$ cat start_35.cif   # mmCIF, C-alpha atoms and all ligand atoms
data_data
#
loop_
_atom_site.label_atom_id
_atom_site.label_comp_id
_atom_site.auth_asym_id
_atom_site.auth_seq_id
_atom_site.Cartn_x
_atom_site.Cartn_y
_atom_site.Cartn_z
CA MET R 1 115.23 139.07 90.02
CA PRO R 2 117.21 137.41 87.16
CA ILE R 3 119.92 139.68 85.73
CA HIS R 4 120.77 138.93 82.09
CA SER R 5 124.39 140.12 82.20
CA ASN R 6 127.45 138.98 84.10
CA ASP R 7 128.77 142.53 83.92
CA ILE R 8 126.45 143.99 86.57
CA SER R 9 125.17 142.80 89.94
CA LEU R 10 122.52 143.80 92.46
CA SER R 11 122.65 143.19 96.19
CA LEU R 12 120.24 144.39 98.84
CA GLN R 13 121.89 145.85 101.93
CA GLY R 14 120.91 147.80 105.04
CA GLU R 15 119.00 146.72 108.16
CA SER R 16 115.85 145.91 106.22
CA SER R 17 117.41 145.40 102.77
CA GLU R 18 116.34 148.93 101.90
CA ILE R 19 119.48 149.86 99.95
CA ALA R 20 120.06 148.42 96.47
CA VAL R 21 123.78 148.25 95.70
CA ILE R 22 124.41 147.99 91.97
CA THR R 23 127.94 147.07 90.94
CA LEU R 24 129.45 147.26 87.47
CA THR R 25 131.44 144.03 87.47
CA ARG R 26 133.54 144.26 84.35
CA PRO R 27 136.84 145.55 85.73
CA ALA R 28 139.00 143.85 83.07
CA LYS R 29 137.36 146.19 80.55
CA ARG R 30 137.19 149.10 83.01
CA ASN R 31 133.43 148.58 83.28
CA ALA R 32 132.90 149.66 79.68
CA LEU R 33 129.18 149.67 78.98
CA ASN R 34 128.14 147.14 76.36
CA ASP R 35 124.54 146.85 75.17
CA GLY R 36 123.79 143.87 77.42
CA LEU R 37 124.99 145.81 80.45
CA ILE R 38 122.89 148.86 79.59
CA LEU R 39 119.80 146.71 79.13
CA ALA R 40 120.46 144.87 82.41
CA LEU R 41 120.82 148.23 84.17
CA ARG R 42 117.43 149.21 82.79
CA ASP R 43 115.91 145.92 83.94
CA ILE R 44 117.30 146.34 87.46
CA PHE R 45 115.68 149.74 87.87
CA GLN R 46 112.41 148.63 86.26
CA GLY R 47 112.20 145.60 88.53
CA MET R 48 113.51 147.16 91.73
CA PRO R 49 112.22 145.17 94.74
CA SER R 50 109.47 147.11 96.50
CA GLY R 51 111.19 147.44 99.89
CA VAL R 52 114.13 149.34 98.38
CA ARG R 53 114.26 153.02 99.41
CA ALA R 54 117.58 154.17 97.89
CA ALA R 55 120.25 152.84 95.54
CA VAL R 56 124.01 153.09 95.21
CA ILE R 57 125.89 152.44 91.98
CA HIS R 58 129.62 151.85 91.80
CA GLY R 59 132.28 150.11 89.74
CA ALA R 60 134.49 147.12 90.59
CA GLY R 61 138.24 147.49 90.13
CA ASP R 62 140.26 150.68 89.71
CA HIS R 63 137.68 152.69 87.74
CA PHE R 64 134.02 153.62 87.90
CA CYS R 65 133.41 153.32 84.17
CA ALA R 66 135.27 153.78 80.85
CA GLY R 67 132.07 154.69 78.97
CA LEU R 68 130.66 153.10 75.85
CA ASP R 69 132.16 149.74 74.95
CA LEU R 70 134.09 150.91 71.91
CA SER R 71 134.49 147.34 70.64
CA GLU R 72 130.73 147.32 69.96
CA LEU R 73 130.83 150.57 68.06
CA GLN R 74 130.32 149.02 64.64
CA GLU R 75 129.47 150.75 61.43
CA ARG R 76 125.95 151.76 62.24
CA ASP R 77 123.84 153.62 59.76
CA ALA R 78 122.02 156.74 60.92
CA GLY R 79 118.83 154.90 61.86
CA GLN R 80 120.70 152.29 63.92
CA GLY R 81 122.71 155.02 65.63
CA LEU R 82 119.48 156.82 66.52
CA HIS R 83 117.96 153.70 68.05
CA HIS R 84 121.17 152.87 69.95
CA SER R 85 121.23 156.29 71.52
CA ARG R 86 117.53 156.06 72.35
CA MET R 87 118.19 152.70 74.04
CA TRP R 88 120.72 154.42 76.34
CA HIS R 89 118.23 157.24 76.96
CA ALA R 90 115.55 154.75 77.98
CA ALA R 91 117.92 152.93 80.35
CA LEU R 92 119.38 156.04 82.00
CA ASP R 93 115.88 157.49 82.27
CA CYS R 94 115.02 154.44 84.39
CA VAL R 95 117.90 155.45 86.69
CA GLN R 96 116.99 159.14 86.92
CA GLN R 97 113.20 158.82 86.84
CA GLY R 98 113.09 155.46 88.56
CA PRO R 99 111.62 154.34 91.84
CA VAL R 100 114.33 155.53 94.26
CA PRO R 101 117.08 158.12 94.62
CA VAL R 102 120.45 156.90 93.33
CA VAL R 103 123.88 157.78 94.74
CA ALA R 104 126.89 157.22 92.44
CA ALA R 105 130.14 156.28 94.19
CA LEU R 106 132.91 157.39 91.83
CA HIS R 107 136.58 156.50 91.61
CA GLY R 108 139.16 156.37 88.84
CA ALA R 109 137.85 156.97 85.32
CA VAL R 110 134.40 158.53 85.06
CA VAL R 111 134.52 159.08 81.33
CA GLY R 112 132.25 159.28 78.31
CA GLY R 113 129.17 157.18 78.88
CA GLY R 114 130.42 156.61 82.44
CA LEU R 115 129.97 160.31 83.12
CA GLU R 116 126.60 160.16 81.37
CA LEU R 117 125.58 157.35 83.74
CA ALA R 118 126.89 159.26 86.77
CA SER R 119 125.00 162.37 85.68
CA ALA R 120 121.72 160.40 85.61
CA CYS R 121 122.18 159.70 89.34
CA HIS R 122 120.87 162.09 91.97
CA ILE R 123 124.01 162.45 94.07
CA ARG R 124 127.63 161.91 93.02
CA VAL R 125 130.34 161.11 95.57
CA ALA R 126 133.86 161.24 94.09
CA ASP R 127 136.96 159.93 95.81
CA THR R 128 140.26 161.71 95.15
CA SER R 129 141.31 159.16 92.50
CA SER R 130 138.38 160.16 90.28
CA PHE R 131 138.86 161.91 86.96
CA PHE R 132 136.21 163.13 84.56
CA ALA R 133 136.46 163.37 80.77
CA LEU R 134 134.40 163.25 77.59
CA PRO R 135 136.73 161.60 75.04
CA GLU R 136 133.93 161.41 72.48
CA GLY R 137 135.39 164.50 70.82
CA SER R 138 138.66 162.74 70.08
CA ARG R 139 136.94 159.48 69.05
CA GLY R 140 135.02 161.29 66.30
CA ILE R 141 131.65 160.74 67.92
CA PHE R 142 129.17 162.66 70.07
CA VAL R 143 127.58 161.91 73.41
CA GLY R 144 124.55 159.65 73.00
CA GLY R 145 123.54 158.69 76.52
CA GLY R 146 121.82 161.91 77.49
CA GLY R 147 125.06 163.72 78.32
CA SER R 148 124.25 166.83 76.31
CA VAL R 149 121.06 167.26 78.32
CA ARG R 150 122.27 166.32 81.80
CA ILE R 151 125.90 167.46 81.94
CA PRO R 152 125.24 171.13 81.02
CA ARG R 153 122.70 171.20 83.84
CA LEU R 154 125.54 170.29 86.21
CA ILE R 155 128.44 172.35 84.86
CA GLY R 156 127.07 174.54 82.02
CA ALA R 157 127.28 174.06 78.26
CA ALA R 158 130.55 176.03 77.97
CA ARG R 159 132.46 173.69 80.29
CA MET R 160 131.02 170.59 78.63
CA ALA R 161 131.92 171.91 75.17
CA ASP R 162 135.47 172.60 76.41
CA MET R 163 135.76 169.01 77.70
CA MET R 164 134.74 167.69 74.27
CA PHE R 165 136.63 170.23 72.14
CA THR R 166 139.93 169.92 73.99
CA GLY R 167 139.83 166.58 75.79
CA ARG R 168 140.13 168.42 79.08
CA VAL R 169 140.29 166.07 82.06
CA TYR R 170 138.96 167.32 85.38
CA LYS R 171 140.62 165.82 88.44
CA ALA R 172 138.43 164.97 91.42
CA GLU R 173 138.95 168.25 93.32
CA GLU R 174 138.20 170.37 90.25
CA GLY R 175 135.29 168.13 89.35
CA GLU R 176 133.72 168.72 92.74
CA ARG R 177 134.40 172.45 92.47
CA ILE R 178 132.58 172.81 89.15
CA GLY R 179 129.64 170.61 90.14
CA LEU R 180 130.37 167.20 88.62
CA ALA R 181 130.21 165.76 92.13
CA GLN R 182 128.57 167.04 95.31
CA TYR R 183 130.96 165.21 97.67
CA LEU R 184 134.75 164.76 97.58
CA VAL R 185 136.12 162.04 99.88
CA PRO R 186 139.49 160.35 100.49
CA GLU R 187 140.60 157.66 98.07
CA GLY R 188 138.88 154.34 98.66
CA THR R 189 135.98 155.76 100.69
CA ALA R 190 133.42 156.73 98.05
CA LEU R 191 131.34 153.59 98.49
CA ASP R 192 131.24 153.97 102.30
CA LYS R 193 130.16 157.60 101.97
CA ALA R 194 127.57 156.71 99.34
CA MET R 195 126.16 154.00 101.63
CA GLU R 196 125.99 156.48 104.51
CA LEU R 197 124.10 158.95 102.32
CA ALA R 198 121.79 156.29 100.91
CA THR R 199 120.94 155.12 104.43
CA ARG R 200 120.05 158.66 105.39
CA ILE R 201 117.99 159.15 102.20
CA ALA R 202 116.17 155.87 102.83
CA SER R 203 115.01 157.17 106.21
CA ASN R 204 113.15 160.12 104.62
CA ALA R 205 109.43 159.99 103.95
CA PRO R 206 109.11 158.28 100.53
CA LEU R 207 106.85 161.04 99.23
CA THR R 208 109.48 163.67 100.03
CA ASN R 209 112.06 161.67 98.09
CA TYR R 210 109.57 161.28 95.26
CA ALA R 211 109.03 165.04 95.14
CA LEU R 212 112.79 165.65 95.08
CA MET R 213 113.26 163.21 92.18
CA HIS R 214 110.21 164.04 90.10
CA ALA R 215 108.94 167.50 91.01
CA LEU R 216 112.10 169.48 91.79
CA PRO R 217 113.83 168.95 88.40
CA ARG R 218 110.63 169.91 86.59
CA ILE R 219 110.07 172.97 88.77
CA ALA R 220 113.66 174.05 88.13
CA GLU R 221 112.91 174.05 84.38
CA GLN R 222 109.62 175.94 84.68
CA PRO R 223 109.08 179.69 84.48
CA ALA R 224 108.89 181.08 88.02
CA ASP R 225 105.13 181.56 88.07
CA GLN R 226 104.47 177.96 87.03
CA GLY R 227 107.22 176.74 89.32
CA PHE R 228 105.64 178.40 92.35
CA PHE R 229 102.32 176.85 91.48
CA THR R 230 103.77 173.33 90.98
CA GLU R 231 105.67 173.72 94.24
CA ALA R 232 102.47 174.58 96.09
CA LEU R 233 100.70 171.52 94.67
CA MET R 234 103.60 169.23 95.57
CA ALA R 235 103.93 170.73 99.03
CA ALA R 236 100.23 170.15 99.67
CA ILE R 237 100.43 166.51 98.62
CA VAL R 238 103.59 165.74 100.59
CA GLN R 239 102.45 167.38 103.83
CA ASN R 240 99.13 165.55 103.64
CA ALA R 241 100.75 162.11 104.10
CA PRO R 242 100.12 160.59 107.54
CA GLU R 243 103.86 160.04 107.85
CA ALA R 244 104.51 163.77 107.46
CA LYS R 245 102.02 164.57 110.24
CA GLU R 246 103.71 162.06 112.55
CA ARG R 247 107.20 163.39 111.80
CA VAL R 248 106.16 166.97 112.56
CA ARG R 249 104.39 165.85 115.76
CA ALA R 250 107.53 163.96 116.82
CA PHE R 251 109.60 167.14 116.52
CA LEU R 252 107.09 169.28 118.39
CA GLU R 253 107.00 166.71 121.19
CA GLY R 254 110.80 166.62 121.41
CA ARG R 255 111.09 163.09 119.99
CA ALA R 256 112.92 163.98 116.76
CA ASN R 257 116.46 165.13 115.99
CA LYS R 258 117.23 168.83 115.85
CA VAL R 259 119.28 170.25 113.02
CA LYS R 260 122.88 170.23 114.27
CA ARG R 261 125.73 172.47 113.18
CA ASP R 262 127.96 169.44 112.34
C1 LIG R 301 137.73 149.30 76.78
C2 LIG R 301 137.26 150.60 77.05
C3 LIG R 301 136.12 151.03 76.32
C4 LIG R 301 138.98 150.25 78.29
N1 LIG R 301 135.56 150.18 75.43
N2 LIG R 301 137.15 148.51 75.89
N3 LIG R 301 135.56 155.75 76.34
C5 LIG R 301 136.84 156.07 76.15
O1 LIG R 301 137.24 156.59 75.12
C6 LIG R 301 137.77 155.70 77.27
C7 LIG R 301 138.70 154.59 76.80
N4 LIG R 301 139.46 154.00 77.89
C8 LIG R 301 140.53 154.61 78.46
O2 LIG R 301 140.88 155.74 78.18
C9 LIG R 301 141.29 153.81 79.46
O3 LIG R 301 141.00 152.43 79.24
C10 LIG R 301 140.94 154.13 80.95
C11 LIG R 301 141.50 155.52 81.30
C12 LIG R 301 139.45 154.07 81.21
C13 LIG R 301 141.60 153.06 81.88
O4 LIG R 301 142.99 152.96 81.57
P1 LIG R 301 143.80 151.66 82.05
O5 LIG R 301 145.24 151.89 81.69
O6 LIG R 301 143.48 151.35 83.48
O7 LIG R 301 143.18 150.43 81.22
P2 LIG R 301 143.48 150.01 79.68
O8 LIG R 301 144.75 149.20 79.62
O9 LIG R 301 143.37 151.16 78.76
O10 LIG R 301 142.22 149.08 79.37
C14 LIG R 301 142.08 147.77 79.92
C15 LIG R 301 141.22 146.98 78.96
O11 LIG R 301 139.92 147.56 78.91
C16 LIG R 301 141.75 147.02 77.55
O12 LIG R 301 141.39 145.79 76.94
P3 LIG R 301 142.46 144.58 76.77
O13 LIG R 301 141.67 143.48 76.10
O14 LIG R 301 143.58 145.16 75.95
O15 LIG R 301 142.91 144.23 78.17
C17 LIG R 301 140.95 148.13 76.89
O16 LIG R 301 140.83 147.98 75.49
C18 LIG R 301 139.61 147.91 77.56
N5 LIG R 301 138.81 149.12 77.55
N6 LIG R 301 138.06 151.16 77.98
C19 LIG R 301 136.08 148.96 75.23
N7 LIG R 301 135.57 152.22 76.52
C20 LIG R 301 126.28 156.49 74.70
S1 LIG R 301 127.54 157.22 73.91
C21 LIG R 301 128.89 157.21 74.96
C22 LIG R 301 130.12 157.50 74.18
C23 LIG R 301 131.35 157.16 74.93
O17 LIG R 301 131.33 156.73 76.07
S2 LIG R 301 132.79 157.46 74.11
C24 LIG R 301 134.03 157.28 75.31
C25 LIG R 301 134.53 155.87 75.34
#

$ encode --input "start_35.cif" --output "structure tokens"
Amino acid sequence: MPIHSNDISLSLQGESSEIAVITLTRPAKRNALNDGLILALRDIFQGMPSGVRAAVIHGAGDHFCAGLDLSELQERDAGQGLHHSRMWHAALDCVQQGPVPVVAALHGAVVGGGLELASACHIRVADTSSFFALPEGSRGIFVGGGGSVRIPRLIGAARMADMMFTGRVYKAEEGERIGLAQYLVPEGTALDKAMELATRIASNAPLTNYALMHALPRIAEQPADQGFFTEALMAAIVQNAPEAKERVRAFLEGRANKVKRD
């Protein structure tokens, strides 16, 4: 698949090329997200090769991502600003609502639009060098990449408002504690851990992963009565797949792994 930006790359890894590894390759600018990069990210997820079962996204150099490329932040009028933000929404929607679960491997700066990108992923692994911030407040702007929708769902609106009001920076350990990341790992190991998780995710039944990506977030937003009903519909569809029947049979016949304590 042709990628129309030198600032991002895609490589297929894993035993059957089932893991897409997406790398932000603009370390000299701390992987700041220019428009070309955002559009190329969208294109990668829209054109994901069909054998891919999970994706990992990470940043080259010392930082995951410094957010919006501030050098492109020209004098936009209101209409242009609206469309620019909607362009980010469309691209990050392709990450979150795309074909496969995405694991973000985080290190160094995860700030502004970088945190918005990370929050569009399904799992975040932070190494101990990671730090999280929303400097938009001090730059005189607002989040525009879906952050005000996704970040409060991770940490609550009060914590997000504090980050923007005061410039508060969460270090990796605190970030994991409040829910910005689900995994905290030693410095330099986030990508390895993300690959391990992606490999495990890729071995799930695709329909289960689909339900986790597309049904679970919707159910979580529904009133309980509707949520129970949607859950029942999704459960019926997922368990009906031949693969589900075979996996259950394998366990009952002693051919599948048990759940282990560690
Ligand atoms: C950049 C950017 C950028 C670095 N846009 N060029 N984001 C921010 O407000 C974060 C701004 N960046 C920083 O605070 C720091 O750069 C970092 C903490 C991320 C990294 O610090 P450091 O010391 O490793 O790097 P540096 O020396 O600050 O930057 C290296 C180069 O990258 C330098 O360019 P150079 O030509 O002088 O070498 C920087 O100018 C450049 N650079 N970050 C453009 N963000 C959809 S709305 C989203 C809204 C936002 O994301 S707002 C938050 C923007």

$ residues_around --input "start_35.cif" --residues "range 45-50 of chain R" --least-positions-apart "6" --cutoff "7 Å" --atoms "only C-alpha atoms" --output "MDAnalysis selection string"
chainID R and resid 94:95 98

$ residues_near_ligand --input "start_35.cif" --ligand "ligand LIG 301 (chain R)" --cutoff "10 Å" --atoms "all atoms listed in the file" --output "PyMOL selection string"
chain R and resi 26-35+38+61-73+81+84-89+108-117+131-147

$ axis_aligned_box --input "start_35.cif" --around "range 219-229 of chain R" --padding-each-side "3 Å" --output "AutoDock Vina command-line options"
--center_x 108.0 --center_y 177.3 --center_z 88.4 --size_x 17.3 --size_y 14.6 --size_z 14.0

$ closest_residue --input "start_35.cif" --among "R:Glu18, R:Glu176, R:Asp225, R:Asp7" --to "Ala55 in chain R" --atoms "all atoms listed in the file"
R:Glu18

$ closest_residue --input "start_35.cif" --among "R:Val56, R:Ala126, R:Ile3, R:Ile19" --to "Thr189 in chain R" --atoms "only C-alpha atoms"
R:Ala126

$ closest_residue --input "start_35.cif" --among "R:Met164, R:Ala211, R:Leu180, R:Ala20" --to "Met195 in chain R" --atoms "all atoms listed in the file"
R:Ala20

$ atom_distance --input "start_35.cif" --atom1 "CA of Asp162 in chain R" --atom2 "CA of Ala120 in chain R"
20.6 Å

$ closest_residue --input "start_35.cif" --among "R:Ala54, R:Leu39, R:Glu246, R:Leu216" --to "Pro99 in chain R" --atoms "all atoms listed in the file"
R:Ala54

$ atom_distance --input "start_35.cif" --atom1 "CA of Val125 in chain R" --atom2 "CA of Thr23 in chain R"
15.0 Å

$ residues_near_point --input "start_35.cif" --point "(118.8, 136.9, 82.8)" --cutoff "12 Å" --atoms "all atoms listed in the file" --output "PyMOL selection string"
chain R and resi 1-9+36-37+39-41+43-44

$ atom_distance --input "start_35.cif" --atom1 "CA of Arg124 in chain R" --atom2 "CA of Pro152 in chain R"
15.3 Å

$ closest_residue --input "start_35.cif" --among "R:Ala91, R:Ala202, R:Ala104, R:Ala250" --to "His58 in chain R" --atoms "only C-alpha atoms"
R:Ala104

$ closest_residue --input "start_35.cif" --among "R:Ser129, R:Thr199, R:Ser148, R:Ser119" --to "Glu173 in chain R" --atoms "all atoms listed in the file"
R:Ser129

$ decode --input "start_35.cif" --residues "range 138-176 of chain R" --atoms "N, CA and C atoms" --output "short mmCIF file (atom, residue, chain, number, x, y, z; two decimals), in the first residue's frame"
data_model
loop_
_atom_site.label_atom_id
_atom_site.label_comp_id
_atom_site.auth_asym_id
_atom_site.auth_seq_id
_atom_site.Cartn_x
_atom_site.Cartn_y
_atom_site.Cartn_z
N SER R 138 -2.28 26.27 27.51
CA SER R 138 -1.28 27.34 27.54
C SER R 138 -0.96 27.86 26.13
N ARG R 139 -1.37 27.15 25.09
CA ARG R 139 -1.13 27.64 23.72
C ARG R 139 -2.31 28.48 23.22
N GLY R 140 -3.32 28.64 24.06
CA GLY R 140 -4.46 29.46 23.66
C GLY R 140 -5.42 28.75 22.74
N ILE R 141 -5.34 27.43 22.70
CA ILE R 141 -6.25 26.69 21.82
C ILE R 141 -7.03 25.67 22.64
N PHE R 142 -7.75 24.80 21.95
CA PHE R 142 -8.56 23.77 22.60
C PHE R 142 -8.17 22.45 21.95
N VAL R 143 -8.53 21.35 22.55
CA VAL R 143 -8.32 20.08 21.86
C VAL R 143 -9.21 20.06 20.61
N GLY R 144 -8.74 19.37 19.57
CA GLY R 144 -9.54 19.31 18.34
C GLY R 144 -9.51 17.94 17.70
N GLY R 145 -8.81 17.01 18.34
CA GLY R 145 -8.68 15.67 17.76
C GLY R 145 -9.51 14.63 18.49
N GLY R 146 -10.61 15.08 19.06
CA GLY R 146 -11.49 14.12 19.76
C GLY R 146 -11.15 13.96 21.23
N GLY R 147 -10.18 14.75 21.71
CA GLY R 147 -9.74 14.58 23.10
C GLY R 147 -10.83 14.85 24.12
N SER R 148 -11.70 15.82 23.85
CA SER R 148 -12.71 16.15 24.86
C SER R 148 -13.79 15.08 24.94
N VAL R 149 -13.86 14.22 23.93
CA VAL R 149 -14.79 13.08 24.00
C VAL R 149 -14.09 11.87 24.63
N ARG R 150 -12.88 11.58 24.16
CA ARG R 150 -12.24 10.31 24.57
C ARG R 150 -11.53 10.39 25.92
N ILE R 151 -10.86 11.51 26.19
CA ILE R 151 -10.03 11.55 27.41
C ILE R 151 -10.89 11.54 28.68
N PRO R 152 -12.02 12.29 28.73
CA PRO R 152 -12.86 12.16 29.93
C PRO R 152 -13.37 10.75 30.16
N ARG R 153 -13.53 9.97 29.08
CA ARG R 153 -13.98 8.59 29.28
C ARG R 153 -12.89 7.74 29.92
N LEU R 154 -11.64 8.20 29.83
CA LEU R 154 -10.54 7.46 30.47
C LEU R 154 -10.31 7.95 31.90
N ILE R 155 -10.31 9.27 32.10
CA ILE R 155 -9.87 9.81 33.39
C ILE R 155 -10.90 10.72 34.05
N GLY R 156 -12.01 11.01 33.37
CA GLY R 156 -13.02 11.93 33.92
C GLY R 156 -12.77 13.36 33.46
N ALA R 157 -13.87 14.11 33.33
CA ALA R 157 -13.77 15.49 32.84
C ALA R 157 -12.99 16.39 33.81
N ALA R 158 -13.10 16.12 35.12
CA ALA R 158 -12.43 17.00 36.09
C ALA R 158 -10.91 16.92 35.93
N ARG R 159 -10.39 15.69 35.78
CA ARG R 159 -8.93 15.56 35.61
C ARG R 159 -8.47 16.17 34.29
N MET R 160 -9.25 15.98 33.23
CA MET R 160 -8.85 16.55 31.95
C MET R 160 -8.87 18.08 32.03
N ALA R 161 -9.90 18.64 32.66
CA ALA R 161 -9.97 20.10 32.78
C ALA R 161 -8.77 20.61 33.57
N ASP R 162 -8.40 19.91 34.64
CA ASP R 162 -7.22 20.29 35.43
C ASP R 162 -5.97 20.30 34.56
N MET R 163 -5.80 19.25 33.74
CA MET R 163 -4.61 19.20 32.86
C MET R 163 -4.56 20.42 31.95
N MET R 164 -5.73 20.86 31.47
CA MET R 164 -5.73 21.99 30.52
C MET R 164 -5.70 23.33 31.24
N PHE R 165 -6.39 23.42 32.40
CA PHE R 165 -6.35 24.68 33.16
C PHE R 165 -4.94 24.97 33.66
N THR R 166 -4.27 23.98 34.20
CA THR R 166 -3.06 24.21 34.98
C THR R 166 -1.78 23.71 34.31
N GLY R 167 -1.91 23.04 33.17
CA GLY R 167 -0.72 22.50 32.53
C GLY R 167 -0.14 21.31 33.27
N ARG R 168 -0.96 20.70 34.12
CA ARG R 168 -0.48 19.57 34.91
C ARG R 168 0.08 18.45 34.01
N VAL R 169 1.24 17.96 34.40
CA VAL R 169 1.88 16.86 33.66
C VAL R 169 1.80 15.61 34.52
N TYR R 170 1.24 14.57 34.00
CA TYR R 170 1.20 13.29 34.71
C TYR R 170 2.40 12.44 34.28
N LYS R 171 3.19 12.02 35.26
CA LYS R 171 4.27 11.08 34.95
C LYS R 171 3.66 9.70 34.70
N ALA R 172 4.48 8.79 34.19
CA ALA R 172 3.98 7.48 33.75
C ALA R 172 3.21 6.75 34.85
N GLU R 173 3.78 6.70 36.06
CA GLU R 173 3.16 5.93 37.15
C GLU R 173 1.79 6.49 37.49
N GLU R 174 1.74 7.85 37.59
CA GLU R 174 0.45 8.50 37.89
C GLU R 174 -0.52 8.31 36.73
N GLY R 175 0.00 8.38 35.52
CA GLY R 175 -0.84 8.23 34.34
C GLY R 175 -1.51 6.87 34.34
N GLU R 176 -0.73 5.85 34.69
CA GLU R 176 -1.31 4.50 34.73
C GLU R 176 -2.34 4.42 35.85
#
